[in-house]
Amino acid sequence: MEIPDADQIHPNPELKEIVFVKNVITRPNIEIGDYTYYDDPISPEKFEDHVTHHYEFLGDKLIIGKFCSIAKGIEFVMNGANHVMKGISTYSFNIIGGDWAKNIPDMTSLPLKGDTVVGNDVWFGQNVTVMPGIKIGDGAIIGADSVVAKDVPAYAIVGGNPIQIIRHRYNDETIALLEKLAWWDRDTIWITKHLSQLTTKKLDIELLKHLI
């Protein structure tokens with residue numbers, strides 16, 4: 001049994017455009033689960049370049065679960081992109097310099113949205129933008145060129161700018177069972193043995209109950 005090594009940067013030597021993201025992360029405020037990959041034919045190792053306005057002093061994190069598939073052109077916009085909105089102007093005078101730099105807003109004035117959290121087994125199409133503080137549930141599919149400006153339920157298919165729910169992949173009972181199964185937390189030997197049930201075979205509710 002040959003199982004891909006989660007600690008490799010390029011799991012498949014013949015596909016250099018794919019990296020396991022956790023192995024190219026340097027920032028302490030980004031957390032990535034095992035086997036989540038980024039596919040970019042130009043610079044896949046520079047995933048962090050696609051996490052913008054991310055400043056440690058703000059304390060927000062980007063947290064992505066296991067086995068997520070992320071296509072090229074992704075952008076996670078973090079809380080540092082937000083401007084103070086309670087006054088007349090939203091202009092960031094303090095970063096321009098001179099006497100304007102003295103007008104530094106305190107943390108309570110900033111419209112912070114919290115951590116951006118992506119579940120497990122989420123598929124991002126290419127050129128997706130995720131806004132600050134968004135929560136995306138397990139098994140969701142994000143259509144290409146989408147702007148994710150609101151939370152996404154587990155196993156929902158969404159798309160558009162801003163996103164709308166196109167449909168749910170399964171009914172509520174099945175989604176609850178899938179969340180209980182949490183296959184991404186099983187050991188890799190179990191996952192390897194059950195690949196056909198996880199991928200190519202049509203989901204069978206009785207089989208799903210058996211797997212749990």
# chains A, B, ... in the order shown; residues from 1 in each chain; ligands from 1
>>> residues_around(residues="segment 152-166 of chain A", least_positions_apart="5", cutoff="10 Å", atoms="only C-alpha atoms", output="PyMOL selection string")
chain A and resi 118-123+125+128-129+134-147+171-172+174-176+178-179
>>> write_last_selection(atoms="C-alpha atoms", output="compact mmCIF listing (two decimals), in the first residue's frame")
# COMPACT_ATOMS: atom_id res chain seq x y z
CA VAL A 118 -12.74 26.53 6.09
CA GLY A 119 -13.89 23.00 6.90
CA ASN A 120 -12.67 19.73 5.43
CA ASP A 121 -13.05 18.39 1.88
CA VAL A 122 -13.95 21.82 0.47
CA TRP A 123 -13.41 22.38 -3.27
CA GLY A 125 -12.84 26.62 -8.20
CA VAL A 128 -12.35 32.62 -5.85
CA THR A 129 -12.23 35.50 -3.36
CA ILE A 134 -16.16 33.79 6.54
CA LYS A 135 -17.03 30.27 7.72
CA ILE A 136 -17.26 27.51 5.08
CA GLY A 137 -18.64 24.13 6.10
CA ASP A 138 -17.32 20.66 5.33
CA GLY A 139 -17.85 19.28 1.84
CA ALA A 140 -18.85 22.61 0.28
CA ILE A 141 -18.12 23.43 -3.37
CA ILE A 142 -17.27 27.03 -4.30
CA GLY A 143 -17.81 27.81 -7.99
CA ALA A 144 -15.14 29.49 -10.11
CA ASP A 145 -14.92 33.31 -10.02
CA SER A 146 -17.09 33.51 -6.91
CA VAL A 147 -16.92 36.12 -4.16
CA ASN A 171 -30.49 16.13 2.15
CA ASP A 172 -30.24 17.08 5.82
CA THR A 174 -27.36 12.50 4.77
CA ILE A 175 -25.35 15.60 5.61
CA ALA A 176 -25.71 14.82 9.32
CA LEU A 178 -21.51 12.58 6.62
CA GLU A 179 -20.53 14.99 9.36
>>> closest_atom_pairs(of="segment 82-172 of chain A", to="segment 5-29 of chain A", cutoff="12 Å", atoms="only C-alpha atoms", output="Markdown table")
| residue | atom | partner | partner_atom | distance |
| --- | --- | --- | --- | --- |
| A:Asp115 | CA | A:Asn29 | CA | 9.6 |
| A:Thr116 | CA | A:Asn29 | CA | 10.7 |
| A:Val117 | CA | A:Asn29 | CA | 11.9 |
>>> write_last_selection(atoms="N, CA and C atoms", output="CSV table (one decimal), in the first residue's frame")
chain,number,residue,atom,x,y,z
A,115,ASP,N,-11.9,35.1,12.8
A,115,ASP,CA,-11.1,34.2,11.9
A,115,ASP,C,-11.9,33.8,10.7
A,116,THR,N,-11.1,33.5,9.6
A,116,THR,CA,-11.7,32.8,8.4
A,116,THR,C,-11.5,31.3,8.6
A,117,VAL,N,-12.6,30.5,8.6
A,117,VAL,CA,-12.5,29.1,8.9
A,117,VAL,C,-13.1,28.3,7.7
>>> closest_residue(among="A:Ala71, A:Ile95, A:Met131, A:Ala149", to="Thr52 of chain A", atoms="only C-alpha atoms")
A:Met131
>>> select_by_dssp(residues="segment 62-212 of chain A", states="strand (DSSP E)", output="MDAnalysis selection string")
chainID A and resid 62:64 69:71 75:77 116:118 123:124 129:130 135:136 141:142 147:148 156:159 164:168
>>> closest_residue(among="A:Cys68, A:Glu48, A:Asp185, A:Leu211", to="Gln197 of chain A", atoms="only C-alpha atoms")
A:Leu211
>>> select_by_dssp(residues="segment 92-177 of chain A", states="helix (DSSP H, G or I)", output="number ranges by chain")
A: 93-95, 98-102, 107-109, 172-177
>>> closest_residue(among="A:Leu58, A:Leu195, A:Val130, A:Ile64", to="Leu112 of chain A", atoms="only C-alpha atoms")
A:Leu58
